[in-house]
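What follows is the content of data_30.pdb (PDB, C-alpha atoms and all ligand atoms).
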```pdb
ATOM      1  CA  MET W   1      -4.691 -14.879 -12.984
ATOM      2  CA  ALA W   2      -4.502 -16.930  -9.823
ATOM      3  CA  ALA W   3      -1.289 -16.903  -7.914
ATOM      4  CA  GLN W   4       0.402 -20.217  -7.443
ATOM      5  CA  ARG W   5      -0.274 -21.180  -3.845
ATOM      6  CA  ARG W   6       2.168 -23.039  -1.718
ATOM      7  CA  GLY W   7       1.958 -25.105   1.446
ATOM      8  CA  SER W   8       1.436 -23.459   4.803
ATOM      9  CA  ALA W   9       5.026 -24.185   5.875
ATOM     10  CA  ARG W  10       6.220 -22.277   2.851
ATOM     11  CA  ASN W  11       3.770 -19.448   3.622
ATOM     12  CA  SER W  12       4.969 -19.037   7.164
ATOM     13  CA  GLU W  13       8.536 -19.116   5.915
ATOM     14  CA  SER W  14       7.690 -16.398   3.384
ATOM     15  CA  ALA W  15       5.973 -14.345   6.054
ATOM     16  CA  ALA W  16       9.068 -14.651   8.241
ATOM     17  CA  ILE W  17      11.224 -13.540   5.328
ATOM     18  CA  GLU W  18       8.972 -10.566   4.695
ATOM     19  CA  ARG W  19       9.091  -9.562   8.359
ATOM     20  CA  LYS W  20      12.860  -9.787   8.223
ATOM     21  CA  ILE W  21      13.018  -7.500   5.182
ATOM     22  CA  LYS W  22      10.703  -4.999   6.813
ATOM     23  CA  ARG W  23      12.900  -4.994   9.923
ATOM     24  CA  GLY W  24      15.857  -4.323   7.627
ATOM     25  CA  HIS W  25      13.971  -1.406   6.106
ATOM     26  CA  ALA W  26      13.059   0.041   9.439
ATOM     27  CA  GLN W  27      16.727  -0.060  10.460
ATOM     28  CA  ARG W  28      17.769   1.509   7.205
ATOM     29  CA  GLN W  29      15.229   4.282   7.455
ATOM     30  CA  ALA W  30      16.476   5.168  10.885
ATOM     31  CA  SER W  31      19.701   6.470   9.360
ATOM     32  CA  ALA W  32      19.814   9.986   7.913
ATOM     33  CA  TRP W  33      19.686  10.590   4.181
ATOM     34  CA  SER W  34      21.519  13.406   2.438
ATOM     35  CA  GLY W  35      22.422  14.716  -0.981
ATOM     36  CA  PRO W  36      21.668  12.453  -3.887
ATOM     37  CA  ARG W  37      21.334   9.451  -1.601
ATOM     38  CA  GLY W  38      17.940   7.916  -2.201
ATOM     39  CA  TYR W  39      18.186   7.221  -5.890
ATOM     40  CA  LEU W  40      17.317   3.739  -6.941
ATOM     41  CA  LEU W  41      18.298   2.386  -3.535
ATOM     42  CA  VAL W  42      21.668   2.980  -4.701
ATOM     43  CA  LEU W  43      22.330   4.253  -1.303
ATOM     44  CA  MET W  44      21.464   1.265   0.748
ATOM     45  CA  PRO W  45      23.564   0.936   3.840
ATOM     46  CA  LEU W  46      25.669  -2.158   3.918
ATOM     47  CA  ALA W  47      23.882  -3.406   6.975
ATOM     48  CA  ALA W  48      20.672  -3.747   4.983
ATOM     49  CA  CYS W  49      22.550  -5.498   2.186
ATOM     50  CA  CYS W  50      23.696  -8.139   4.615
ATOM     51  CA  SER W  51      20.312  -8.680   6.183
ATOM     52  CA  VAL W  52      18.517  -9.168   2.898
ATOM     53  CA  GLY W  53      21.341 -10.266   0.618
ATOM     54  CA  TRP W  54      20.708 -13.939   1.084
ATOM     55  CA  LEU W  55      17.074 -13.423   0.288
ATOM     56  CA  TYR W  56      17.267 -12.215  -3.310
ATOM     57  CA  LEU W  57      19.742 -14.950  -4.139
ATOM     58  CA  SER W  58      17.402 -17.579  -2.798
ATOM     59  CA  MET W  59      14.409 -16.003  -4.522
ATOM     60  CA  ASP W  60      15.884 -15.688  -8.009
ATOM     61  CA  SER W  61      14.652 -19.147  -8.873
ATOM     62  CA  ASP W  62      11.428 -18.681  -6.992
ATOM     63  CA  ILE W  63       9.245 -16.672  -9.389
ATOM     64  CA  THR W  64       5.673 -17.829  -9.141
ATOM     65  CA  GLU W  65       3.678 -15.637 -11.498
ATOM     66  CA  THR W  66       4.290 -13.258 -14.382
ATOM     67  CA  LEU W  67       1.746 -10.457 -14.215
ATOM     68  CA  VAL W  68       2.540  -9.087 -17.672
ATOM     69  CA  ARG W  69       4.907 -10.470 -20.305
ATOM     70  CA  GLN W  70       7.069  -8.335 -22.570
ATOM     71  CA  GLY W  71       5.347  -9.620 -25.717
ATOM     72  CA  GLU W  72       1.822  -8.754 -24.562
ATOM     73  CA  ILE W  73       0.215  -5.399 -25.310
ATOM     74  CA  VAL W  74      -2.061  -4.320 -22.484
ATOM     75  CA  LEU W  75      -4.042  -1.339 -23.706
ATOM     76  CA  GLN W  76      -6.250  -0.798 -20.656
ATOM     77  CA  PRO W  77      -4.576  -0.922 -17.220
ATOM     78  CA  ARG W  78      -4.390  -4.486 -15.950
ATOM     79  CA  ILE W  79      -5.142  -4.010 -12.276
ATOM     80  CA  PHE W  80      -4.120  -6.212  -9.344
ATOM     81  CA  ARG W  81      -5.598  -5.210  -6.005
ATOM     82  CA  VAL W  82      -3.715  -5.875  -2.797
ATOM     83  CA  PRO W  83      -4.874  -4.967   0.703
ATOM     84  CA  CYS W  84      -3.332  -1.717   1.942
ATOM     85  CA  SER W  85      -0.732  -2.327   4.636
ATOM     86  CA  GLU W  86      -1.299  -1.408   8.252
ATOM     87  CA  ASP W  87       1.312   1.350   7.851
ATOM     88  CA  TYR W  88      -1.314   3.714   6.461
ATOM     89  CA  LYS W  89      -2.777   4.063   9.957
ATOM     90  CA  ASN W  90       0.367   6.003  10.859
ATOM     91  CA  TYR W  91       0.304   8.301   7.839
ATOM     92  CA  LYS W  92      -1.548  11.585   7.550
ATOM     93  CA  ARG W  93      -4.568  11.223   5.255
ATOM     94  CA  TYR W  94      -5.098  13.506   2.280
ATOM     95  CA  PRO W  95      -8.668  13.271   0.934
ATOM     96  CA  GLY W  96      -8.796  12.504  -2.772
ATOM     97  CA  CYS W  97      -5.262  11.128  -2.782
ATOM     98  CA  THR W  98      -4.313   8.874   0.138
ATOM     99  CA  PRO W  99      -4.872   5.263  -0.968
ATOM    100  CA  GLN W 100      -8.257   3.840   0.061
ATOM    101  CA  THR W 101      -7.535   0.795  -2.027
ATOM    102  CA  CYS W 102      -4.031  -0.366  -2.803
ATOM    103  CA  GLY W 103      -2.607  -2.355  -5.640
ATOM    104  CA  ARG W 104      -0.610  -2.371  -8.826
ATOM    105  CA  ALA W 105      -1.416  -1.911 -12.457
ATOM    106  CA  VAL W 106       0.346  -2.173 -15.783
ATOM    107  CA  THR W 107      -0.589  -0.532 -19.070
ATOM    108  CA  ASP W 108       0.910  -0.157 -22.530
ATOM    109  CA  GLY W 109      -1.818   2.278 -23.565
ATOM    110  CA  VAL W 110      -0.550   5.500 -22.004
ATOM    111  CA  VAL W 111       2.851   6.086 -23.636
ATOM    112  CA  THR W 112       3.569   5.129 -27.237
ATOM    113  CA  ARG W 113       6.601   3.157 -28.343
ATOM    114  CA  GLU W 114       7.714   6.256 -30.318
ATOM    115  CA  GLU W 115       7.523   8.432 -27.208
ATOM    116  CA  ALA W 116       9.436   5.819 -25.246
ATOM    117  CA  GLN W 117      12.084   5.777 -27.952
ATOM    118  CA  MET W 118      12.417   9.589 -27.823
ATOM    119  CA  LEU W 119      12.756   9.452 -24.047
ATOM    120  CA  ARG W 120      15.283   6.666 -24.313
ATOM    121  CA  ARG W 121      17.381   8.753 -26.720
ATOM    122  CA  LEU W 122      17.152  11.629 -24.262
ATOM    123  CA  ALA W 123      18.383   9.295 -21.515
ATOM    124  CA  GLU W 124      21.197   7.986 -23.727
ATOM    125  CA  ARG W 125      22.358  11.517 -24.578
ATOM    126  CA  GLY W 126      22.240  12.721 -20.993
ATOM    127  CA  LEU W 127      23.824   9.641 -19.469
ATOM    128  CA  SER W 128      26.573   9.611 -22.083
ATOM    129  CA  LEU W 129      27.857  12.812 -20.422
ATOM    130  CA  GLY W 130      28.612  10.840 -17.296
ATOM    131  CA  GLY W 131      27.591   7.442 -16.014
ATOM    132  CA  SER W 132      28.501   5.312 -13.078
ATOM    133  CA  ASP W 133      31.584   3.086 -13.057
ATOM    134  CA  GLY W 134      29.249   0.336 -11.852
ATOM    135  CA  GLY W 135      26.045  -1.074 -13.282
ATOM    136  CA  ALA W 136      23.503   1.600 -12.311
ATOM    137  CA  SER W 137      23.409   5.206 -13.480
ATOM    138  CA  ILE W 138      20.767   7.834 -12.907
ATOM    139  CA  MET W 139      19.924  11.207 -14.370
ATOM    140  CA  ASP W 140      17.454  13.438 -12.580
ATOM    141  CA  LEU W 141      16.274  16.274 -14.805
ATOM    142  CA  HIS W 142      14.656  18.033 -11.867
ATOM    143  CA  SER W 143      17.649  18.289  -9.498
ATOM    144  CA  GLY W 144      20.252  17.868 -12.236
ATOM    145  CA  ALA W 145      21.890  14.878 -10.486
ATOM    146  CA  LEU W 146      23.865  12.682 -12.878
ATOM    147  CA  SER W 147      25.919   9.620 -11.961
ATOM    148  CA  MET W 148      29.582  10.151 -12.715
ATOM    149  CA  GLY W 149      32.185   7.571 -11.799
ATOM    150  CA  LYS W 150      31.620   6.772  -8.163
ATOM    151  CA  GLN W 151      29.598   9.887  -7.382
ATOM    152  CA  PHE W 152      27.116  12.403  -8.777
ATOM    153  CA  VAL W 153      27.477  15.786 -10.444
ATOM    154  CA  ASN W 154      24.908  18.457 -11.173
ATOM    155  CA  ILE W 155      24.435  18.267 -14.905
ATOM    156  CA  TYR W 156      23.232  21.880 -15.148
ATOM    157  CA  ARG W 157      26.195  23.300 -13.217
ATOM    158  CA  TYR W 158      28.808  20.960 -14.653
ATOM    159  CA  PHE W 159      27.847  21.488 -18.302
ATOM    160  CA  SER W 160      26.165  24.935 -17.919
ATOM    161  CA  GLU W 161      25.175  26.389 -21.321
ATOM    162  CA  GLN W 162      26.361  23.294 -23.210
ATOM    163  CA  ILE W 163      23.413  21.364 -21.795
ATOM    164  CA  LYS W 164      21.180  23.174 -24.323
ATOM    165  CA  GLU W 165      23.006  21.260 -27.048
ATOM    166  CA  VAL W 166      22.033  17.998 -25.356
ATOM    167  CA  PHE W 167      18.422  18.640 -24.312
ATOM    168  CA  SER W 168      15.750  20.666 -26.086
ATOM    169  CA  GLU W 169      12.554  22.350 -24.923
ATOM    170  CA  GLU W 170      10.732  19.614 -26.826
ATOM    171  CA  ASP W 171      12.316  16.935 -24.606
ATOM    172  CA  PHE W 172      10.975  18.664 -21.533
ATOM    173  CA  ARG W 173       7.529  19.116 -23.110
ATOM    174  CA  LEU W 174       7.460  15.385 -23.769
ATOM    175  CA  TYR W 175       8.381  14.614 -20.162
ATOM    176  CA  TRP W 176       5.547  16.937 -19.052
ATOM    177  CA  ALA W 177       2.993  15.322 -21.395
ATOM    178  CA  VAL W 178       3.928  11.810 -20.328
ATOM    179  CA  ARG W 179       3.969  12.702 -16.632
ATOM    180  CA  SER W 180       0.501  14.245 -16.802
ATOM    181  CA  ARG W 181      -0.956  11.252 -18.684
ATOM    182  CA  ILE W 182       0.517   8.858 -16.131
ATOM    183  CA  GLN W 183      -0.893  10.995 -13.309
ATOM    184  CA  ARG W 184      -4.396  10.908 -14.812
ATOM    185  CA  THR W 185      -4.174   7.150 -15.342
ATOM    186  CA  ILE W 186      -3.150   6.549 -11.733
ATOM    187  CA  ALA W 187      -6.007   8.788 -10.549
ATOM    188  CA  GLU W 188      -8.561   6.940 -12.693
ATOM    189  CA  THR W 189      -7.294   3.523 -11.663
ATOM    190  CA  PHE W 190      -7.257   4.214  -7.933
ATOM    191  CA  GLY W 191     -10.330   6.506  -7.916
ATOM    192  CA  LEU W 192      -8.379   9.644  -6.951
ATOM    193  CA  ASP W 193      -8.632  13.321  -7.732
ATOM    194  CA  SER W 194      -5.585  13.946  -9.921
ATOM    195  CA  THR W 195      -5.488  17.608  -8.872
ATOM    196  CA  HIS W 196      -4.708  16.377  -5.334
ATOM    197  CA  MET W 197      -1.671  14.402  -6.518
ATOM    198  CA  TYR W 198       1.689  16.063  -7.026
ATOM    199  CA  LEU W 199       4.870  15.063  -8.774
ATOM    200  CA  THR W 200       7.536  14.431  -6.144
ATOM    201  CA  LYS W 201      11.262  13.829  -6.045
ATOM    202  CA  PRO W 202      13.349  12.034  -6.898
ATOM    203  CA  THR W 203      12.177  11.559 -10.461
ATOM    204  CA  PHE W 204      14.926  10.060 -12.571
ATOM    205  CA  PHE W 205      15.999   8.162 -15.630
ATOM    206  CA  SER W 206      17.860   4.954 -14.844
ATOM    207  CA  ARG W 207      20.273   2.915 -16.897
ATOM    208  CA  MET W 208      21.224  -0.534 -15.663
ATOM    209  CA  ASN W 209      23.615  -3.087 -17.042
ATOM    210  CA  SER W 210      25.547  -6.112 -15.844
ATOM    211  CA  THR W 211      28.754  -4.246 -14.930
ATOM    212  CA  ALA W 212      29.771  -5.168 -11.398
ATOM    213  CA  ALA W 213      28.749  -2.682  -8.726
ATOM    214  CA  LYS W 214      31.584  -0.379  -7.691
ATOM    215  CA  THR W 215      29.742   1.405  -4.876
ATOM    216  CA  THR W 216      26.472   0.846  -3.029
ATOM    217  CA  HIS W 217      24.961   3.416  -5.444
ATOM    218  CA  ASP W 218      25.103   0.686  -8.083
ATOM    219  CA  GLU W 219      23.156  -1.874  -6.059
ATOM    220  CA  TYR W 220      19.716  -1.433  -7.560
ATOM    221  CA  TRP W 221      18.518  -4.954  -6.888
ATOM    222  CA  HIS W 222      17.725  -4.775  -3.161
ATOM    223  CA  PRO W 223      14.166  -5.423  -1.960
ATOM    224  CA  HIS W 224      12.574  -2.206  -0.747
ATOM    225  CA  ILE W 225       9.414  -0.249  -0.060
ATOM    226  CA  ASP W 226       9.300   3.061  -1.911
ATOM    227  CA  LYS W 227       7.393   4.921   0.815
ATOM    228  CA  GLU W 228      10.189   4.051   3.233
ATOM    229  CA  THR W 229      13.050   4.560   0.829
ATOM    230  CA  TYR W 230      11.937   7.852  -0.659
ATOM    231  CA  GLY W 231       9.695   9.233   2.094
ATOM    232  CA  SER W 232       7.314  11.356   0.058
ATOM    233  CA  PHE W 233       6.122   8.717  -2.434
ATOM    234  CA  ASP W 234       2.454   7.683  -2.308
ATOM    235  CA  TYR W 235       2.211   6.295  -5.853
ATOM    236  CA  THR W 236       5.203   5.066  -7.813
ATOM    237  CA  SER W 237       5.217   4.734 -11.564
ATOM    238  CA  LEU W 238       7.863   3.198 -13.759
ATOM    239  CA  LEU W 239       7.959   3.954 -17.441
ATOM    240  CA  TYR W 240      10.075   1.414 -19.274
ATOM    241  CA  LEU W 241      12.151   2.562 -22.221
ATOM    242  CA  SER W 242      13.560  -0.770 -23.373
ATOM    243  CA  ASP W 243      12.430  -4.341 -23.903
ATOM    244  CA  TYR W 244      13.071  -7.310 -21.647
ATOM    245  CA  GLY W 245      14.510 -10.213 -23.653
ATOM    246  CA  VAL W 246      15.394  -7.960 -26.612
ATOM    247  CA  ASP W 247      17.501  -5.087 -25.242
ATOM    248  CA  PHE W 248      18.480  -6.804 -22.005
ATOM    249  CA  GLY W 249      18.136 -10.017 -20.029
ATOM    250  CA  GLY W 250      17.377 -10.264 -16.314
ATOM    251  CA  GLY W 251      16.126  -6.904 -15.011
ATOM    252  CA  ARG W 252      12.514  -7.962 -14.447
ATOM    253  CA  PHE W 253      10.543  -6.070 -11.824
ATOM    254  CA  ILE W 254       9.469  -8.315  -8.957
ATOM    255  CA  PHE W 255       6.714  -7.749  -6.383
ATOM    256  CA  MET W 256       7.682  -9.827  -3.374
ATOM    257  CA  ASP W 257       4.423 -10.968  -1.827
ATOM    258  CA  ALA W 258       4.136 -13.176   1.234
ATOM    259  CA  ASP W 259       2.834 -16.019  -0.941
ATOM    260  CA  GLY W 260       5.309 -15.675  -3.780
ATOM    261  CA  ASN W 261       6.875 -13.373  -6.335
ATOM    262  CA  ARG W 262       4.977 -11.617  -9.107
ATOM    263  CA  THR W 263       6.905 -10.136 -11.983
ATOM    264  CA  VAL W 264       6.430  -7.448 -14.593
ATOM    265  CA  GLU W 265       8.521  -7.789 -17.728
ATOM    266  CA  PRO W 266       9.633  -4.367 -18.963
ATOM    267  CA  ARG W 267       8.508  -3.298 -22.431
ATOM    268  CA  ALA W 268       9.282   0.076 -24.052
ATOM    269  CA  GLY W 269       6.297   2.354 -23.431
ATOM    270  CA  ARG W 270       4.953   0.197 -20.600
ATOM    271  CA  VAL W 271       3.877   1.978 -17.432
ATOM    272  CA  SER W 272       3.756   0.001 -14.221
ATOM    273  CA  PHE W 273       2.355   1.820 -11.200
ATOM    274  CA  PHE W 274       1.474   0.960  -7.640
ATOM    275  CA  SER W 275       0.716   2.342  -4.207
ATOM    276  CA  SER W 276       4.101   2.973  -2.587
ATOM    277  CA  GLY W 277       3.440   1.371   0.841
ATOM    278  CA  SER W 278       4.715  -1.918   2.217
ATOM    279  CA  GLU W 279       1.951  -3.837   0.400
ATOM    280  CA  ASN W 280       4.228  -3.367  -2.607
ATOM    281  CA  LEU W 281       7.607  -4.609  -1.437
ATOM    282  CA  HIS W 282       9.661  -5.058  -4.602
ATOM    283  CA  ARG W 283      13.038  -5.373  -6.221
ATOM    284  CA  VAL W 284      14.642  -5.404  -9.659
ATOM    285  CA  GLU W 285      16.286  -8.590 -10.796
ATOM    286  CA  LYS W 286      19.974  -8.178 -11.682
ATOM    287  CA  VAL W 287      20.509  -7.351 -15.347
ATOM    288  CA  GLU W 288      22.361 -10.240 -16.980
ATOM    289  CA  TRP W 289      23.131  -8.726 -20.372
ATOM    290  CA  GLY W 290      22.355  -5.596 -22.399
ATOM    291  CA  THR W 291      21.128  -2.253 -21.099
ATOM    292  CA  ARG W 292      17.856  -1.462 -19.388
ATOM    293  CA  TYR W 293      16.404   2.068 -19.399
ATOM    294  CA  ALA W 294      13.476   3.286 -17.306
ATOM    295  CA  ILE W 295      12.080   6.417 -15.691
ATOM    296  CA  THR W 296      10.788   6.546 -12.133
ATOM    297  CA  VAL W 297       7.972   9.127 -11.919
ATOM    298  CA  SER W 298       6.287   9.345  -8.550
ATOM    299  CA  PHE W 299       3.518  11.228  -6.859
ATOM    300  CA  THR W 300       2.829  12.457  -3.373
ATOM    301  CA  CYS W 301      -0.386  13.444  -1.648
ATOM    302  CA  ASP W 302       1.434  16.010   0.477
ATOM    303  CA  PRO W 303       1.572  19.416  -1.222
ATOM    304  CA  ALA W 304       4.652  20.217   0.887
ATOM    305  CA  HIS W 305       6.561  17.566  -1.088
ATOM    306  CA  ALA W 306       5.353  18.691  -4.515
ATOM    307  CA  ILE W 307       7.907  19.592  -7.158
ATOM    308  CA  ASP W 308       7.476  21.336 -10.499
ATOM    309  CA  ASP W 309       8.041  19.544 -13.767
ATOM    310  CA  PRO W 310      11.689  19.694 -14.778
ATOM    311  CA  THR W 311      12.598  22.669 -16.988
ATOM    312  CA  LEU W 312      15.610  23.533 -19.091
ATOM    313  CA  PRO W 313      17.490  26.249 -17.141
TER     314      PRO W 313
HETATM  315  O1  LIG Q   1      13.264   0.282 -12.537
HETATM  316  C1  LIG Q   1      12.456  -0.428 -11.926
HETATM  317  O2  LIG Q   1      11.827  -1.333 -12.466
HETATM  318  C2  LIG Q   1      12.228  -0.218 -10.451
HETATM  319  C3  LIG Q   1      13.052   0.851  -9.818
HETATM  320  C4  LIG Q   1      12.662   1.068  -8.396
HETATM  321  O3  LIG Q   1      12.246   0.183  -7.696
HETATM  322  C5  LIG Q   1      12.747   2.401  -7.842
HETATM  323  O4  LIG Q   1      13.152   3.344  -8.551
HETATM  324  O5  LIG Q   1      12.395   2.559  -6.652
HETATM  325 FE    FE Q   2      11.274   1.029  -5.938
END
```
Spit out the file's structure as structure tokens when you get a sec.
Amino acid sequence: MAAQRRGSARNSESAAIERKIKRGHAQRQASAWSGPRGYLLVLMPLAACCSVGWLYLSMDSDITETLVRQGEIVLQPRIFRVPCSEDYKNYKRYPGCTPQTCGRAVTDGVVTREEAQMLRRLAERGLSLGGSDGGASIMDLHSGALSMGKQFVNIYRYFSEQIKEVFSEEDFRLYWAVRSRIQRTIAETFGLDSTHMYLTKPTFFSRMNSTAAKTTHDEYWHPHIDKETYGSFDYTSLLYLSDYGVDFGGGRFIFMDADGNRTVEPRAGRVSFFSSGSENLHRVEKVEWGTRYAITVSFTCDPAHAIDDPTLP
């Protein structure tokens, strides 16, 4: 699928835009992170919003290629290679895990629609206990963080024993099964040793809708690089739990490449995964209607940043 090429003036303009975003990221990363800040970019400092805000507005009408449409069923990973960014020269290398080749891939063959539906119900139950006042809510089964109003609570502390009426052991077994299948698929696709990859935090369910943002936690649409935003990520995966064009409008995932945008349309059960470095600058389009559910499940090469699968306390 060849990308639509543009003139060299447009390319240099795009490159300038990309440099500008990366500068914005560097500035953002220089500030300290604490507590539940880090989820879904919900915590982007306002300065970064200003520096890149004009960009996503101007790019909304600038989509050049759809990598995978909602209505397609891609049973084997559809792989798109991109050169690894220069940043990797500054990162410690972990044999069997650190990206040698970078890229993105999308598959509908790893998680069934039924499993996605069960996970979506889990997300609905959990998020119904709280939820942001604005358009983006998260629930992290590992740390217990749950959006509530304009902040976060710890679902396990806040609801203590009652949480066992909301989540079952089976829910957690399903999360484990899906996480391990995704991990193996990433390893096979990128030629890695899956035993040298570790689940890392944050790992969270997200719910997005068109309600106006009330705090920066709700601003999920900013362009970002996961490795910079979350620190420990080496491979990001997104498991979609609802269907673009059916359950919600807007909300497409967009890779922002120097020569144009490339989109993935969410589909329940679809896993999209990519190396987390600056070769995969991306953003989520604003949701226009309906509700979009997804899970971010990410992996690190650094055993020091490994976390265990979530468990019911
Ligand atoms: O939900 C998505 O499609 C992307 C979310 C994202 O970029 C992230 O969690 O870092
Ligand atoms: Fe991201």
Mind giving me the axis-aligned box for ligand LIG 1 (chain Q) with 8 Å on every side, centre plus edges in Å to one decimal, as lines of an AutoDock Vina configuration file?
```
center_x = 12.5
center_y = 1.0
center_z = -9.6
size_x = 17.4
size_y = 20.7
size_z = 21.9
```
Distance of CA of Val284 (chain W) from CA of Asp234 (chain W), expressed in Å to one decimal place: 19.3 Å
Taking 4 positions as the minimum chain separation for residues in the same chain, which residues sit within 10 Å of region 149-151 of chain W when counting only C-alpha atoms? Answer as a PDB file with C-alpha atoms, in the frame of the given file.
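To be explicit, this is the file written out as around-v8.pdb:
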```pdb
ATOM      1  CA  PRO W  36      21.668  12.453  -3.887  1.00  0.00           C
ATOM      2  CA  GLY W 130      28.612  10.840 -17.296  1.00  0.00           C
ATOM      3  CA  GLY W 131      27.591   7.442 -16.014  1.00  0.00           C
ATOM      4  CA  SER W 132      28.501   5.312 -13.078  1.00  0.00           C
ATOM      5  CA  ASP W 133      31.584   3.086 -13.057  1.00  0.00           C
ATOM      6  CA  GLY W 134      29.249   0.336 -11.852  1.00  0.00           C
ATOM      7  CA  SER W 137      23.409   5.206 -13.480  1.00  0.00           C
ATOM      8  CA  ALA W 145      21.890  14.878 -10.486  1.00  0.00           C
ATOM      9  CA  ALA W 213      28.749  -2.682  -8.726  1.00  0.00           C
ATOM     10  CA  LYS W 214      31.584  -0.379  -7.691  1.00  0.00           C
ATOM     11  CA  THR W 215      29.742   1.405  -4.876  1.00  0.00           C
ATOM     12  CA  THR W 216      26.472   0.846  -3.029  1.00  0.00           C
ATOM     13  CA  HIS W 217      24.961   3.416  -5.444  1.00  0.00           C
ATOM     14  CA  ASP W 218      25.103   0.686  -8.083  1.00  0.00           C
TER      15      ASP W 218
END
```
Given a cut-off of 9 Å, what residues near ligand LIG 1 (chain Q) show up using all atoms listed in the file, put as a JSON list (two decimals) with C-alpha atoms, in the frame of the given file?
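Saved file part-v7.json follows:
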```json
[["chain", "number", "residue", "atom", "x", "y", "z"],
["W", 38, "GLY", "CA", 17.94, 7.92, -2.20],
["W", 39, "TYR", "CA", 18.19, 7.22, -5.89],
["W", 40, "LEU", "CA", 17.32, 3.74, -6.94],
["W", 41, "LEU", "CA", 18.30, 2.39, -3.54],
["W", 202, "PRO", "CA", 13.35, 12.03, -6.90],
["W", 203, "THR", "CA", 12.18, 11.56, -10.46],
["W", 204, "PHE", "CA", 14.93, 10.06, -12.57],
["W", 205, "PHE", "CA", 16.00, 8.16, -15.63],
["W", 206, "SER", "CA", 17.86, 4.95, -14.84],
["W", 207, "ARG", "CA", 20.27, 2.92, -16.90],
["W", 208, "MET", "CA", 21.22, -0.53, -15.66],
["W", 220, "TYR", "CA", 19.72, -1.43, -7.56],
["W", 221, "TRP", "CA", 18.52, -4.95, -6.89],
["W", 222, "HIS", "CA", 17.73, -4.78, -3.16],
["W", 223, "PRO", "CA", 14.17, -5.42, -1.96],
["W", 224, "HIS", "CA", 12.57, -2.21, -0.75],
["W", 225, "ILE", "CA", 9.41, -0.25, -0.06],
["W", 226, "ASP", "CA", 9.30, 3.06, -1.91],
["W", 229, "THR", "CA", 13.05, 4.56, 0.83],
["W", 230, "TYR", "CA", 11.94, 7.85, -0.66],
["W", 236, "THR", "CA", 5.20, 5.07, -7.81],
["W", 237, "SER", "CA", 5.22, 4.73, -11.56],
["W", 238, "LEU", "CA", 7.86, 3.20, -13.76],
["W", 239, "LEU", "CA", 7.96, 3.95, -17.44],
["W", 240, "TYR", "CA", 10.07, 1.41, -19.27],
["W", 251, "GLY", "CA", 16.13, -6.90, -15.01],
["W", 252, "ARG", "CA", 12.51, -7.96, -14.45],
["W", 253, "PHE", "CA", 10.54, -6.07, -11.82],
["W", 254, "ILE", "CA", 9.47, -8.32, -8.96],
["W", 264, "VAL", "CA", 6.43, -7.45, -14.59],
["W", 265, "GLU", "CA", 8.52, -7.79, -17.73],
["W", 266, "PRO", "CA", 9.63, -4.37, -18.96],
["W", 272, "SER", "CA", 3.76, 0.00, -14.22],
["W", 282, "HIS", "CA", 9.66, -5.06, -4.60],
["W", 283, "ARG", "CA", 13.04, -5.37, -6.22],
["W", 284, "VAL", "CA", 14.64, -5.40, -9.66],
["W", 285, "GLU", "CA", 16.29, -8.59, -10.80],
["W", 292, "ARG", "CA", 17.86, -1.46, -19.39],
["W", 293, "TYR", "CA", 16.40, 2.07, -19.40],
["W", 294, "ALA", "CA", 13.48, 3.29, -17.31],
["W", 295, "ILE", "CA", 12.08, 6.42, -15.69],
["W", 296, "THR", "CA", 10.79, 6.55, -12.13],
["W", 297, "VAL", "CA", 7.97, 9.13, -11.92]]
```
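Closest approach to ligand FE 2 (chain Q) among W:Tyr91, W:Phe172, W:Tyr244, W:Phe233: W:Phe233, based on all atoms listed in the file.
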Write out as a ChimeraX atom specification which residues come within 8 Å of Ala123 (chain W) when counting only C-alpha atoms, dropping same-chain ones fewer than 2 positions away. /W:119-121,125-127,139,205-206,293
Take the residues from that selection and write them out as a compact mmCIF listing (two decimals), in the coordinates of the input, keeping C-alpha atoms.
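Below is the file that was written, again-v9.txt:
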```txt
# COMPACT_ATOMS: atom_id res chain seq x y z
CA LEU W 119 12.76 9.45 -24.05
CA ARG W 120 15.28 6.67 -24.31
CA ARG W 121 17.38 8.75 -26.72
CA ARG W 125 22.36 11.52 -24.58
CA GLY W 126 22.24 12.72 -20.99
CA LEU W 127 23.82 9.64 -19.47
CA MET W 139 19.92 11.21 -14.37
CA PHE W 205 16.00 8.16 -15.63
CA SER W 206 17.86 4.95 -14.84
CA TYR W 293 16.40 2.07 -19.40
```
Would you work out the distance separating CA of Met118 (chain W) from CA of Ser242 (chain W), expressed in Å to one decimal?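 Going from CA of Met118 (chain W) over to CA of Ser242 (chain W) covers 11.3 Å.
CA of His142 (chain W) is positioned 17.2 Å from CA of Gly231 (chain W).
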Nearest to Phe80 (chain W): which of W:Glu161, W:Asp140, W:Asp309, W:Glu279 is it, counting all atoms listed in the file?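 Under the stated criterion, the closest residue is W:Glu279.
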Give me, as an mmCIF file with C-alpha atoms, keeping the file's coordinate frame, all polymer residues having an atom no more than 6 Å from Thr107 (chain W), counting all atoms listed in the file and skipping those fewer than 6 positions away in the same chain.
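Everything below was put into part-v1.cif:
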```
data_model
loop_
_atom_site.group_PDB
_atom_site.id
_atom_site.type_symbol
_atom_site.label_atom_id
_atom_site.label_comp_id
_atom_site.auth_asym_id
_atom_site.auth_seq_id
_atom_site.Cartn_x
_atom_site.Cartn_y
_atom_site.Cartn_z
ATOM 1 C CA VAL W 74 -2.061 -4.320 -22.484
ATOM 2 C CA LEU W 75 -4.042 -1.339 -23.706
ATOM 3 C CA GLN W 76 -6.250 -0.798 -20.656
ATOM 4 C CA PRO W 77 -4.576 -0.922 -17.220
ATOM 5 C CA ARG W 270 4.953 0.197 -20.600
ATOM 6 C CA VAL W 271 3.877 1.978 -17.432
#
```
